[in-house]
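One structure below.
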2 protein chains.
Amino acid sequence: MKLRTLTVAALLATFASADLIQQAKEAGLKPIPKDLTKLYQLIDNPKNPLTPEKIELGKKLYFDPRLSKSGLISCNTCHNLALGGDDNVPVATGHKWRQNPHHLNSPTVYNAVFNIRQFWDGRAKDLEEQATGPIQAPPEMDMKAEDAVRVVQSIPEYKRAFAKAFPNEPITIETIGKAIGAFERTLVTPSRFDDFLNGDAKALSDAEKEGLKTFIEVGCASCHNGVGVGGGSMQKFPLIGKYKYAHIGDFKGDSNGLVKVPTLRNILETAPYFHNGATYDIKEAIAIMGTTQLGKELSKEQIESIATFFQALTGEKPSITYPILPPETPATPKPNLD
Amino acid sequence: MKLRTLTVAALLATFASADLIQQAKEAGLKPIPKDLTKLYQLIDNPKNPLTPEKIELGKKLYFDPRLSKSGLISCNTCHNLALGGDDNVPVATGHKWRQNPHHLNSPTVYNAVFNIRQFWDGRAKDLEEQATGPIQAPPEMDMKAEDAVRVVQSIPEYKRAFAKAFPNEPITIETIGKAIGAFERTLVTPSRFDDFLNGDAKALSDAEKEGLKTFIEVGCASCHNGVGVGGGSMQKFPLIGKYKYAHIGDFKGDSNGLVKVPTLRNILETAPYFHNGATYDIKEAIAIMGTTQLGKELSKEQIESIATFFQALTGEKPSITYPILPPETPATPKPNLD
């Protein structure tokens, strides 16, 4: 092939990519902003504005198992930042090895800031509210709110950190949630997909571009859209026909029977899939989505192609220094394994 | 006070400190070497020489819960680097919330490299051997050795890392232990006590110096000595009289009835105390050591003074970037919560 031919081929490829980027944007897919000011505006919560003090305090609390009754379970146990932001098991498992009573699967904390609401039934309006839930839930960290506050109050370094992060607020389960929520807002993972949407035609392989096209054309992007590639709406599931694994757990969705559409960012790292963690097989999960949500049998090639596109959604995780937590004092409530 | 008087006082204090440093050294207390070459020689294992590849791989494995049957428990669960290198609970608690059958308390991993042997009964000769134990123990991570190997073998990034770290060895539970052991060897925490032993008279407060003197004079340093301030020998416990909490658990020590002397480094961060985690109260622990090991009732002032000295043993922890673990593949054994 001559240079001229190559150049023409490259130009054609660039035009084709520009078309695909346009098509993706029209389908509602949006990149994580490259511009830090825009990103900040997107992840910030006006009711709990981000500050370095809150984020640093929230990071410590996120990793602190002393917020659990046993002293063994932290936010990071089920939403492990080392493992795609979740726990790899089908059902959230916590205090005394209790399992989520509805057999719900821990969703990833990465990019959860882009979710319209939190929890599978969307009952928490934001990350700050969500974070107070698992601390207190008996099958999770099983800590009474007042005991969580007592732990923090008993540790001078935490008291000082709260005074700096929340100068005019007492330490409560709500401020604990606000600190953790602030930290979680920073857990976004830009990927090659963002580079592509931002105009870098070479960021995706040809097979991934084909996959993105298929993803849009068969209709996945009608729910999995926005910056989160999901997380933006509550939907009926199954919408059509029968969910093969409906027998696992008794989750019925929110009061309207709706379930939150999960983000697909880092989806290849967050098996098992669905609210009830029914399958580890991404291709089976795609096939099920085809039948239950789109009313179509996707071909083997389509499924393969969409799974290939998902590689481009694996993002870069923020680098986090593992915290050295401030030591407890004689006033700190003792862990309780029972 | 005139300048001349001040200078004389400072000189006297320096002489007094030099005397105390001498006394401490004669009692067998040794600093963590400041000189990196000497430190390296002290922590290295000729049978498993430290390399950056082993340490980095070992760090990942240390934090990887996929080495447990449930996929939820890692080395760091019970030896939490955020919490003084242990778990704060009286009894090690693992798979299915099972507890150590002898009611043994997880010891700290920090400075464990200075221990003459590993485990409370000293049954492992080094960290490399120790690390393979909890992975397989049913009340801990409950993972069959071959399943741990299968997990690692199924993850290409791990396979490559093992090939680099152990070019001529197959992946086995032993090489997994060697990688984890290499990482653990780096977990040393120099403190103000080391600065003092290295000649910095001002590194300890006057009260801490008094405490160190008491610590030596009443006899604590006859077992709690060496670089680890403990960890250097197996001893009878109780040596004299009755251990107040002997009813907790049924641990009988090694085949000679001996128990490993624990390190006192970071002791104020590693409650509860003793092999059976019987008390969170450091002063009670010191008093018990007085009666059971030294055959004396320590006075309230002596106990207070020794506890004050312990502040100087709280060391600086290595800064660790929380690892992003390589994702599993369809070939990776699935977690099993049962």
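Ordering of the structure tokens sets the chain letters (A, B, ...); residue numbers start at 1 within each chain; ligands are numbered from 1 in the order shown.
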Expected answer as a ChimeraX atom specification: strand (DSSP E or B) residues in stretch 136-277 of chain B
/B:226,234-236,258-260,273
Distance limit 6 Å, atoms considered: only C-alpha atoms. Which chain B residues sit that close to chain A? Return them as a PDB file with N, CA and C atoms, in the first residue's frame.
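Everything below was put into result-v8.pdb:
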ATOM      1  N   ALA B  82      -3.801  -0.309  58.337  1.00  0.00           N
ATOM      2  CA  ALA B  82      -4.348   0.983  58.782  1.00  0.00           C
ATOM      3  C   ALA B  82      -4.477   1.044  60.296  1.00  0.00           C
ATOM      4  N   LEU B  83      -4.462  -0.103  60.949  1.00  0.00           N
ATOM      5  CA  LEU B  83      -4.807  -0.181  62.380  1.00  0.00           C
ATOM      6  C   LEU B  83      -3.691  -0.830  63.194  1.00  0.00           C
ATOM      7  N   LYS B  96     -16.964 -17.508  57.352  1.00  0.00           N
ATOM      8  CA  LYS B  96     -18.254 -17.804  57.994  1.00  0.00           C
ATOM      9  C   LYS B  96     -18.311 -17.309  59.441  1.00  0.00           C
ATOM     10  N   TRP B  97     -17.481 -16.287  59.725  1.00  0.00           N
ATOM     11  CA  TRP B  97     -17.442 -15.681  61.070  1.00  0.00           C
ATOM     12  C   TRP B  97     -16.905 -16.667  62.114  1.00  0.00           C
ATOM     13  N   GLU B 269      -1.112   0.707  69.842  1.00  0.00           N
ATOM     14  CA  GLU B 269      -2.063   0.604  68.718  1.00  0.00           C
ATOM     15  C   GLU B 269      -2.537  -0.826  68.508  1.00  0.00           C
ATOM     16  N   ILE B 320       1.851   3.322  51.748  1.00  0.00           N
ATOM     17  CA  ILE B 320       1.509   2.252  50.807  1.00  0.00           C
ATOM     18  C   ILE B 320       0.382   2.705  49.889  1.00  0.00           C
ATOM     19  N   THR B 321       0.635   2.611  48.598  1.00  0.00           N
ATOM     20  CA  THR B 321      -0.440   2.906  47.648  1.00  0.00           C
ATOM     21  C   THR B 321      -1.355   1.694  47.581  1.00  0.00           C
ATOM     22  N   TYR B 322      -2.636   1.941  47.823  1.00  0.00           N
ATOM     23  CA  TYR B 322      -3.597   0.833  47.795  1.00  0.00           C
ATOM     24  C   TYR B 322      -3.579   0.224  46.392  1.00  0.00           C
ATOM     25  N   PRO B 323      -3.373  -1.101  46.289  1.00  0.00           N
ATOM     26  CA  PRO B 323      -3.213  -1.678  44.947  1.00  0.00           C
ATOM     27  C   PRO B 323      -4.524  -1.750  44.173  1.00  0.00           C
ATOM     28  N   ILE B 324      -4.424  -1.584  42.883  1.00  0.00           N
ATOM     29  CA  ILE B 324      -5.537  -1.922  41.984  1.00  0.00           C
ATOM     30  C   ILE B 324      -5.210  -3.327  41.490  1.00  0.00           C
ATOM     31  N   LEU B 325      -6.034  -4.290  41.885  1.00  0.00           N
ATOM     32  CA  LEU B 325      -5.697  -5.687  41.611  1.00  0.00           C
ATOM     33  C   LEU B 325      -6.077  -6.081  40.190  1.00  0.00           C
ATOM     34  N   PRO B 327      -7.787  -7.892  37.203  1.00  0.00           N
ATOM     35  CA  PRO B 327      -9.114  -8.508  37.189  1.00  0.00           C
ATOM     36  C   PRO B 327      -9.065 -10.015  36.955  1.00  0.00           C
TER      37      PRO B 327
END
Report chain B as a compact mmCIF listing (two decimals) with C-alpha atoms, in the first residue's frame in the frame of chain A, after least-squares superposition over all C-alpha atoms paired in order.
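Saved file out_33.txt follows:
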# COMPACT_ATOMS: atom_id res chain seq x y z
CA MET B 1 -0.02 0.25 -0.25
CA LYS B 2 1.27 3.70 -1.17
CA LEU B 3 1.48 6.57 1.27
CA ARG B 4 -1.37 8.36 -0.50
CA THR B 5 -3.65 5.35 -0.11
CA LEU B 6 -2.72 5.12 3.57
CA THR B 7 -3.55 8.76 4.12
CA VAL B 8 -6.89 8.37 2.41
CA ALA B 9 -7.62 5.30 4.55
CA ALA B 10 -6.67 7.20 7.70
CA LEU B 11 -8.85 10.11 6.68
CA LEU B 12 -11.78 7.82 6.00
CA ALA B 13 -11.28 6.14 9.38
CA THR B 14 -11.25 9.54 11.06
CA PHE B 15 -14.46 10.54 9.31
CA ALA B 16 -16.05 7.21 10.25
CA SER B 17 -15.02 7.75 13.88
CA ALA B 18 -16.36 11.28 13.83
CA ASP B 19 -19.66 9.85 12.62
CA LEU B 20 -19.64 7.26 15.39
CA ILE B 21 -18.79 9.87 18.03
CA GLN B 22 -21.69 11.93 16.72
CA GLN B 23 -23.95 8.86 16.82
CA ALA B 24 -22.86 8.09 20.40
CA LYS B 25 -23.53 11.63 21.52
CA GLU B 26 -26.95 11.59 19.89
CA ALA B 27 -27.63 8.37 21.79
CA GLY B 28 -27.00 10.30 25.01
CA LEU B 29 -23.53 8.96 25.80
CA LYS B 30 -21.28 11.53 27.43
CA PRO B 31 -17.61 11.57 28.41
CA ILE B 32 -16.23 12.27 31.84
CA PRO B 33 -15.12 15.87 31.29
CA LYS B 34 -11.41 16.30 30.62
CA ASP B 35 -11.64 19.83 31.90
CA LEU B 36 -11.15 19.69 35.67
CA THR B 37 -13.46 22.63 36.37
CA LYS B 38 -16.26 20.94 34.46
CA LEU B 39 -15.55 17.63 36.20
CA TYR B 40 -15.62 19.40 39.55
CA GLN B 41 -19.00 20.96 38.76
CA LEU B 42 -20.33 17.57 37.73
CA ILE B 43 -19.25 15.68 40.85
CA ASP B 44 -19.73 18.40 43.46
CA ASN B 45 -22.76 18.50 45.74
CA PRO B 46 -23.91 22.07 46.48
CA LYS B 47 -25.37 20.83 49.76
CA ASN B 48 -22.00 19.30 50.71
CA PRO B 49 -19.35 21.16 48.72
CA LEU B 50 -16.14 19.24 48.17
CA THR B 51 -13.14 20.35 50.23
CA PRO B 52 -9.76 18.66 50.68
CA GLU B 53 -10.51 18.30 54.42
CA LYS B 54 -13.77 16.41 53.79
CA ILE B 55 -12.25 14.18 51.13
CA GLU B 56 -9.28 13.21 53.28
CA LEU B 57 -11.49 12.58 56.33
CA GLY B 58 -13.95 10.64 54.18
CA LYS B 59 -11.17 8.45 52.85
CA LYS B 60 -10.15 7.50 56.38
CA LEU B 61 -13.73 6.74 57.39
CA TYR B 62 -14.28 4.74 54.17
CA PHE B 63 -11.44 2.40 55.17
CA ASP B 64 -12.18 2.40 58.90
CA PRO B 65 -13.69 -0.92 60.13
CA ARG B 66 -14.26 0.63 63.56
CA LEU B 67 -17.44 2.12 62.11
CA SER B 68 -18.82 -1.44 62.18
CA LYS B 69 -20.09 -3.27 65.25
CA SER B 70 -17.48 -6.00 64.85
CA GLY B 71 -14.63 -3.65 64.05
CA LEU B 72 -13.89 -5.84 61.03
CA ILE B 73 -16.02 -4.42 58.21
CA SER B 74 -15.50 -1.11 56.44
CA CYS B 75 -17.17 0.49 53.41
CA ASN B 76 -14.21 -0.90 51.49
CA THR B 77 -15.08 -4.49 52.44
CA CYS B 78 -18.05 -4.63 50.05
CA HIS B 79 -16.98 -1.75 47.79
CA ASN B 80 -13.33 -2.73 47.47
CA LEU B 81 -11.35 -0.11 45.57
CA ALA B 82 -8.81 -2.80 44.66
CA LEU B 83 -11.46 -4.91 42.91
CA GLY B 84 -13.43 -2.61 40.62
CA GLY B 85 -15.16 -1.00 43.59
CA ASP B 86 -17.23 -4.02 44.60
CA ASP B 87 -16.80 -7.41 46.28
CA ASN B 88 -17.09 -10.09 43.57
CA VAL B 89 -19.64 -12.11 45.54
CA PRO B 90 -23.28 -12.50 44.43
CA VAL B 91 -24.79 -11.26 47.67
CA ALA B 92 -23.55 -8.58 50.06
CA THR B 93 -22.25 -10.34 53.19
CA GLY B 94 -21.63 -8.56 56.46
CA HIS B 95 -21.88 -8.79 60.24
CA LYS B 96 -21.90 -12.39 61.50
CA TRP B 97 -21.72 -13.48 57.84
CA ARG B 98 -25.31 -12.35 57.39
CA GLN B 99 -26.37 -11.87 53.81
CA ASN B 100 -28.50 -9.17 52.30
CA PRO B 101 -32.08 -10.31 53.01
CA HIS B 102 -33.19 -9.61 49.42
CA HIS B 103 -30.05 -11.24 47.99
CA LEU B 104 -28.84 -7.91 46.65
CA ASN B 105 -25.41 -7.62 45.07
CA SER B 106 -23.07 -4.77 46.14
CA PRO B 107 -22.82 -2.28 43.27
CA THR B 108 -19.54 -0.56 42.45
CA VAL B 109 -18.67 2.68 44.18
CA TYR B 110 -16.58 3.83 41.22
CA ASN B 111 -18.51 6.44 39.24
CA ALA B 112 -21.49 6.04 41.59
CA VAL B 113 -21.43 9.83 41.75
CA PHE B 114 -23.02 9.80 38.29
CA ASN B 115 -26.03 7.78 39.51
CA ILE B 116 -29.30 9.70 39.63
CA ARG B 117 -30.07 8.04 42.96
CA GLN B 118 -28.31 5.45 45.17
CA PHE B 119 -29.16 1.81 46.11
CA TRP B 120 -30.81 -0.61 43.66
CA ASP B 121 -34.22 0.79 44.59
CA GLY B 122 -32.95 4.37 44.44
CA ARG B 123 -34.06 5.11 47.97
CA ALA B 124 -31.10 7.39 48.77
CA LYS B 125 -30.93 10.67 46.92
CA ASP B 126 -27.14 10.93 46.97
CA LEU B 127 -23.90 9.35 48.15
CA GLU B 128 -23.97 11.27 51.43
CA GLU B 129 -27.31 9.72 52.34
CA GLN B 130 -26.36 6.29 51.01
CA ALA B 131 -23.21 6.08 53.11
CA THR B 132 -25.18 6.19 56.36
CA GLY B 133 -27.22 3.10 55.38
CA PRO B 134 -24.76 0.17 55.33
CA ILE B 135 -23.08 1.41 58.51
CA GLN B 136 -26.36 0.81 60.36
CA ALA B 137 -27.84 -2.13 58.43
CA PRO B 138 -27.76 -5.32 60.55
CA PRO B 139 -26.61 -7.55 57.67
CA GLU B 140 -23.85 -5.10 56.79
CA MET B 141 -21.88 -3.13 59.40
CA ASP B 142 -24.62 -3.37 62.04
CA MET B 143 -23.51 -0.25 63.92
CA LYS B 144 -25.96 1.93 65.78
CA ALA B 145 -25.68 5.53 64.58
CA GLU B 146 -24.88 6.74 68.08
CA ASP B 147 -22.11 4.15 68.42
CA ALA B 148 -20.54 5.24 65.13
CA VAL B 149 -20.59 8.80 66.47
CA ARG B 150 -19.12 7.64 69.79
CA VAL B 151 -16.22 5.97 67.97
CA VAL B 152 -15.42 9.15 66.09
CA GLN B 153 -15.91 11.36 69.16
CA SER B 154 -13.53 9.19 71.19
CA ILE B 155 -10.60 9.67 68.79
CA PRO B 156 -9.03 13.14 69.12
CA GLU B 157 -7.56 13.17 65.59
CA TYR B 158 -11.01 12.45 64.14
CA LYS B 159 -12.58 15.15 66.30
CA ARG B 160 -10.08 17.68 64.99
CA ALA B 161 -10.61 16.52 61.39
CA PHE B 162 -14.40 16.86 61.75
CA ALA B 163 -14.01 20.34 63.23
CA LYS B 164 -11.97 21.33 60.18
CA ALA B 165 -14.20 19.64 57.62
CA PHE B 166 -17.52 20.71 59.18
CA PRO B 167 -16.75 23.80 61.27
CA ASN B 168 -20.35 24.57 62.14
CA GLU B 169 -21.84 21.11 62.45
CA PRO B 170 -21.79 18.60 65.29
CA ILE B 171 -20.49 15.08 64.59
CA THR B 172 -23.51 12.99 63.65
CA ILE B 173 -24.18 10.01 61.41
CA GLU B 174 -25.10 12.61 58.78
CA THR B 175 -21.73 14.37 58.89
CA ILE B 176 -20.03 10.95 58.81
CA GLY B 177 -22.07 10.27 55.65
CA LYS B 178 -21.15 13.66 54.23
CA ALA B 179 -17.44 13.02 54.68
CA ILE B 180 -17.64 9.54 53.13
CA GLY B 181 -19.84 10.86 50.32
CA ALA B 182 -17.32 13.62 49.54
CA PHE B 183 -14.56 11.02 49.21
CA GLU B 184 -16.73 8.77 47.04
CA ARG B 185 -17.47 11.69 44.70
CA THR B 186 -13.81 11.67 43.70
CA LEU B 187 -13.88 8.01 42.62
CA VAL B 188 -14.30 8.51 38.88
CA THR B 189 -12.43 6.41 36.35
CA PRO B 190 -11.84 7.98 32.93
CA SER B 191 -11.26 5.38 30.23
CA ARG B 192 -10.41 5.05 26.55
CA PHE B 193 -14.12 5.49 25.83
CA ASP B 194 -13.88 9.04 27.18
CA ASP B 195 -10.82 9.74 25.06
CA PHE B 196 -12.80 8.52 22.05
CA LEU B 197 -15.84 10.67 22.82
CA ASN B 198 -13.45 13.57 23.34
CA GLY B 199 -12.27 13.13 19.74
CA ASP B 200 -9.35 10.70 19.85
CA ALA B 201 -10.34 8.36 16.99
CA LYS B 202 -7.55 5.92 17.84
CA ALA B 203 -8.57 5.45 21.46
CA LEU B 204 -10.79 2.49 20.52
CA SER B 205 -9.80 -0.49 18.38
CA ASP B 206 -11.84 -1.18 15.27
CA ALA B 207 -13.55 -4.08 17.03
CA GLU B 208 -14.44 -1.85 19.98
CA LYS B 209 -15.87 0.77 17.61
CA GLU B 210 -17.97 -1.94 15.98
CA GLY B 211 -19.10 -2.95 19.46
CA LEU B 212 -20.06 0.61 20.34
CA LYS B 213 -22.07 0.81 17.11
CA THR B 214 -23.87 -2.42 17.95
CA PHE B 215 -24.43 -1.21 21.54
CA ILE B 216 -26.19 1.88 20.21
CA GLU B 217 -28.03 0.24 17.32
CA VAL B 218 -29.63 -2.60 19.28
CA GLY B 219 -30.81 -0.10 21.89
CA CYS B 220 -28.58 -0.56 24.97
CA ALA B 221 -27.88 3.17 25.08
CA SER B 222 -31.56 3.96 25.57
CA CYS B 223 -30.96 3.23 29.27
CA HIS B 224 -27.17 2.94 29.55
CA ASN B 225 -26.36 6.50 28.63
CA GLY B 226 -25.12 9.73 30.19
CA VAL B 227 -21.71 10.13 31.78
CA GLY B 228 -22.24 6.96 33.81
CA VAL B 229 -23.15 4.80 30.81
CA GLY B 230 -26.08 3.92 33.05
CA GLY B 231 -27.12 5.06 36.50
CA GLY B 232 -29.28 7.81 35.08
CA SER B 233 -32.74 6.29 35.46
CA MET B 234 -34.98 3.77 37.20
CA GLN B 235 -36.47 1.14 34.89
CA LYS B 236 -38.72 -1.86 34.92
CA PHE B 237 -36.73 -5.12 35.02
CA PRO B 238 -37.71 -7.32 33.35
CA LEU B 239 -39.52 -5.00 30.98
CA ILE B 240 -40.49 -7.78 28.59
CA GLY B 241 -40.86 -11.50 29.23
CA LYS B 242 -39.21 -13.33 32.08
CA TYR B 243 -35.92 -12.77 33.90
CA LYS B 244 -34.20 -16.15 33.91
CA TYR B 245 -32.91 -15.68 37.48
CA ALA B 246 -36.01 -14.06 38.98
CA HIS B 247 -36.08 -16.89 41.56
CA ILE B 248 -32.92 -15.58 43.24
CA GLY B 249 -33.93 -13.21 46.05
CA ASP B 250 -37.19 -11.36 46.49
CA PHE B 251 -36.22 -7.85 45.40
CA LYS B 252 -39.20 -6.04 43.94
CA GLY B 253 -37.60 -2.66 43.10
CA ASP B 254 -38.90 0.67 44.37
CA SER B 255 -42.52 1.50 45.16
CA ASN B 256 -43.22 1.55 41.42
CA GLY B 257 -41.41 -1.73 40.87
CA LEU B 258 -38.46 0.01 39.23
CA VAL B 259 -34.77 -0.89 39.50
CA LYS B 260 -31.84 1.46 39.05
CA VAL B 261 -29.98 1.00 35.77
CA PRO B 262 -26.39 0.26 36.82
CA THR B 263 -23.35 1.99 35.35
CA LEU B 264 -21.48 -0.03 32.75
CA ARG B 265 -18.16 1.64 33.51
CA ASN B 266 -15.67 -1.03 34.63
CA ILE B 267 -18.34 -3.64 33.95
CA LEU B 268 -15.71 -6.28 33.12
CA GLU B 269 -14.36 -5.88 36.67
CA THR B 270 -17.68 -5.95 38.51
CA ALA B 271 -19.07 -9.45 38.01
CA PRO B 272 -21.33 -11.00 39.11
CA TYR B 273 -24.10 -9.10 37.35
CA PHE B 274 -27.65 -7.86 38.03
CA HIS B 275 -29.14 -6.71 41.30
CA ASN B 276 -29.09 -10.32 42.52
CA GLY B 277 -25.62 -11.21 41.24
CA ALA B 278 -27.06 -14.08 39.24
CA THR B 279 -24.31 -14.62 36.68
CA TYR B 280 -20.58 -14.02 36.34
CA ASP B 281 -20.82 -14.37 32.55
CA ILE B 282 -20.89 -10.99 30.82
CA LYS B 283 -22.12 -12.56 27.58
CA GLU B 284 -25.03 -14.22 29.33
CA ALA B 285 -25.79 -10.89 31.01
CA ILE B 286 -25.84 -9.11 27.65
CA ALA B 287 -28.09 -11.81 26.17
CA ILE B 288 -30.50 -11.51 29.10
CA MET B 289 -30.63 -7.72 28.71
CA GLY B 290 -31.48 -8.29 25.03
CA THR B 291 -34.46 -10.50 25.79
CA THR B 292 -35.78 -8.81 28.95
CA GLN B 293 -35.22 -5.14 28.10
CA LEU B 294 -35.01 -4.90 24.32
CA GLY B 295 -37.28 -7.79 23.39
CA LYS B 296 -34.76 -9.29 21.00
CA GLU B 297 -32.55 -12.31 20.77
CA LEU B 298 -29.12 -10.80 20.21
CA SER B 299 -26.90 -12.84 17.89
CA LYS B 300 -23.70 -14.43 19.15
CA GLU B 301 -21.78 -11.88 17.07
CA GLN B 302 -23.70 -8.94 18.51
CA ILE B 303 -23.11 -10.15 22.06
CA GLU B 304 -19.42 -10.72 21.40
CA SER B 305 -19.14 -7.29 19.83
CA ILE B 306 -20.82 -5.48 22.74
CA ALA B 307 -18.60 -7.35 25.22
CA THR B 308 -15.57 -6.22 23.19
CA PHE B 309 -16.74 -2.61 23.46
CA PHE B 310 -16.94 -3.01 27.24
CA GLN B 311 -13.13 -3.31 27.36
CA ALA B 312 -13.03 0.39 26.54
CA LEU B 313 -15.10 1.15 29.66
CA THR B 314 -12.42 -0.15 32.05
CA GLY B 315 -11.10 3.07 33.50
CA GLU B 316 -8.09 4.35 35.33
CA LYS B 317 -8.58 4.23 39.08
CA PRO B 318 -7.46 7.09 41.32
CA SER B 319 -4.21 6.39 43.15
CA ILE B 320 -4.98 6.14 46.85
CA THR B 321 -2.53 6.02 49.71
CA TYR B 322 -3.78 3.46 52.19
CA PRO B 323 -4.63 5.49 55.31
CA ILE B 324 -2.97 5.04 58.67
CA LEU B 325 -5.98 5.47 60.92
CA PRO B 326 -5.81 7.44 64.17
CA PRO B 327 -5.62 5.10 67.16
CA GLU B 328 -8.61 4.53 69.43
CA THR B 329 -8.58 5.58 73.07
CA PRO B 330 -9.93 3.95 76.24
CA ALA B 331 -13.20 5.83 75.53
CA THR B 332 -13.65 4.15 72.15
CA PRO B 333 -16.49 1.58 72.18
CA LYS B 334 -15.02 -1.91 71.95
CA PRO B 335 -15.74 -4.07 68.91
CA ASN B 336 -18.51 -6.59 69.40
CA LEU B 337 -18.40 -9.77 67.34
CA ASP B 338 -21.88 -10.90 68.45
According to DSSP computed on the backbone, where in stretch 33-105 of chain B is there alpha helix (DSSP H)? Give the residues as a list in words.
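Assigned to alpha helix (DSSP H), within stretch 33-105 of chain B: Leu36, Thr37, Lys38, Leu39, Tyr40, Gln41, Leu42, Ile43, Pro52, Glu53, Lys54, Ile55, Glu56, Leu57, Gly58, Lys59, Lys60, Leu61, Tyr62, Cys75, Asn76, Thr77 and Cys78 of chain B.
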Saved selection, atoms kept: N, CA and C atoms, as an mmCIF file, in the first residue's frame:
data_model
loop_
_atom_site.group_PDB
_atom_site.id
_atom_site.type_symbol
_atom_site.label_atom_id
_atom_site.label_comp_id
_atom_site.auth_asym_id
_atom_site.auth_seq_id
_atom_site.Cartn_x
_atom_site.Cartn_y
_atom_site.Cartn_z
ATOM 1 N N LEU B 36 20.554 2.142 55.640
ATOM 2 C CA LEU B 36 19.665 1.293 54.836
ATOM 3 C C LEU B 36 20.297 -0.051 54.480
ATOM 4 N N THR B 37 21.599 -0.064 54.276
ATOM 5 C CA THR B 37 22.266 -1.334 53.949
ATOM 6 C C THR B 37 22.164 -2.290 55.130
ATOM 7 N N LYS B 38 22.379 -1.745 56.324
ATOM 8 C CA LYS B 38 22.269 -2.595 57.525
ATOM 9 C C LYS B 38 20.834 -3.067 57.727
ATOM 10 N N LEU B 39 19.880 -2.151 57.488
ATOM 11 C CA LEU B 39 18.472 -2.535 57.630
ATOM 12 C C LEU B 39 18.149 -3.648 56.634
ATOM 13 N N TYR B 40 18.601 -3.481 55.416
ATOM 14 C CA TYR B 40 18.368 -4.472 54.376
ATOM 15 C C TYR B 40 18.902 -5.839 54.807
ATOM 16 N N GLN B 41 20.134 -5.844 55.343
ATOM 17 C CA GLN B 41 20.719 -7.122 55.775
ATOM 18 C C GLN B 41 19.893 -7.755 56.885
ATOM 19 N N LEU B 42 19.336 -6.895 57.734
ATOM 20 C CA LEU B 42 18.576 -7.394 58.881
ATOM 21 C C LEU B 42 17.241 -8.004 58.457
ATOM 22 N N ILE B 43 16.587 -7.392 57.457
ATOM 23 C CA ILE B 43 15.243 -7.864 57.099
ATOM 24 C C ILE B 43 15.253 -8.878 55.961
ATOM 25 N N PRO B 52 12.411 -5.907 44.194
ATOM 26 C CA PRO B 52 11.236 -5.040 44.002
ATOM 27 C C PRO B 52 10.056 -5.827 43.417
ATOM 28 N N GLU B 53 10.340 -6.778 42.526
ATOM 29 C CA GLU B 53 9.260 -7.548 41.891
ATOM 30 C C GLU B 53 8.495 -8.379 42.919
ATOM 31 N N LYS B 54 9.235 -9.015 43.837
ATOM 32 C CA LYS B 54 8.571 -9.827 44.875
ATOM 33 C C LYS B 54 7.756 -8.947 45.817
ATOM 34 N N ILE B 55 8.338 -7.821 46.201
ATOM 35 C CA ILE B 55 7.665 -6.951 47.174
ATOM 36 C C ILE B 55 6.368 -6.407 46.580
ATOM 37 N N GLU B 56 6.422 -5.968 45.328
ATOM 38 C CA GLU B 56 5.236 -5.401 44.697
ATOM 39 C C GLU B 56 4.167 -6.483 44.499
ATOM 40 N N LEU B 57 4.576 -7.661 44.069
ATOM 41 C CA LEU B 57 3.631 -8.776 43.917
ATOM 42 C C LEU B 57 3.060 -9.161 45.284
ATOM 43 N N GLY B 58 3.937 -9.233 46.282
ATOM 44 C CA GLY B 58 3.484 -9.598 47.628
ATOM 45 C C GLY B 58 2.485 -8.604 48.186
ATOM 46 N N LYS B 59 2.681 -7.342 47.888
ATOM 47 C CA LYS B 59 1.731 -6.321 48.347
ATOM 48 C C LYS B 59 0.357 -6.590 47.749
ATOM 49 N N LYS B 60 0.318 -6.875 46.469
ATOM 50 C CA LYS B 60 -0.976 -7.153 45.827
ATOM 51 C C LYS B 60 -1.635 -8.363 46.483
ATOM 52 N N LEU B 61 -0.874 -9.427 46.655
ATOM 53 C CA LEU B 61 -1.450 -10.650 47.230
ATOM 54 C C LEU B 61 -1.910 -10.403 48.671
ATOM 55 N N TYR B 62 -1.146 -9.588 49.402
ATOM 56 C CA TYR B 62 -1.493 -9.282 50.798
ATOM 57 C C TYR B 62 -2.889 -8.656 50.892
ATOM 58 N N CYS B 75 -5.161 -11.044 53.787
ATOM 59 C CA CYS B 75 -4.218 -10.945 54.906
ATOM 60 C C CYS B 75 -4.511 -9.679 55.707
ATOM 61 N N ASN B 76 -4.824 -8.603 54.936
ATOM 62 C CA ASN B 76 -5.026 -7.296 55.558
ATOM 63 C C ASN B 76 -6.286 -7.224 56.421
ATOM 64 N N THR B 77 -7.185 -8.185 56.304
ATOM 65 C CA THR B 77 -8.391 -8.156 57.130
ATOM 66 C C THR B 77 -8.025 -8.292 58.610
ATOM 67 N N CYS B 78 -7.181 -9.261 58.937
ATOM 68 C CA CYS B 78 -6.789 -9.472 60.336
ATOM 69 C C CYS B 78 -5.507 -8.729 60.699
#
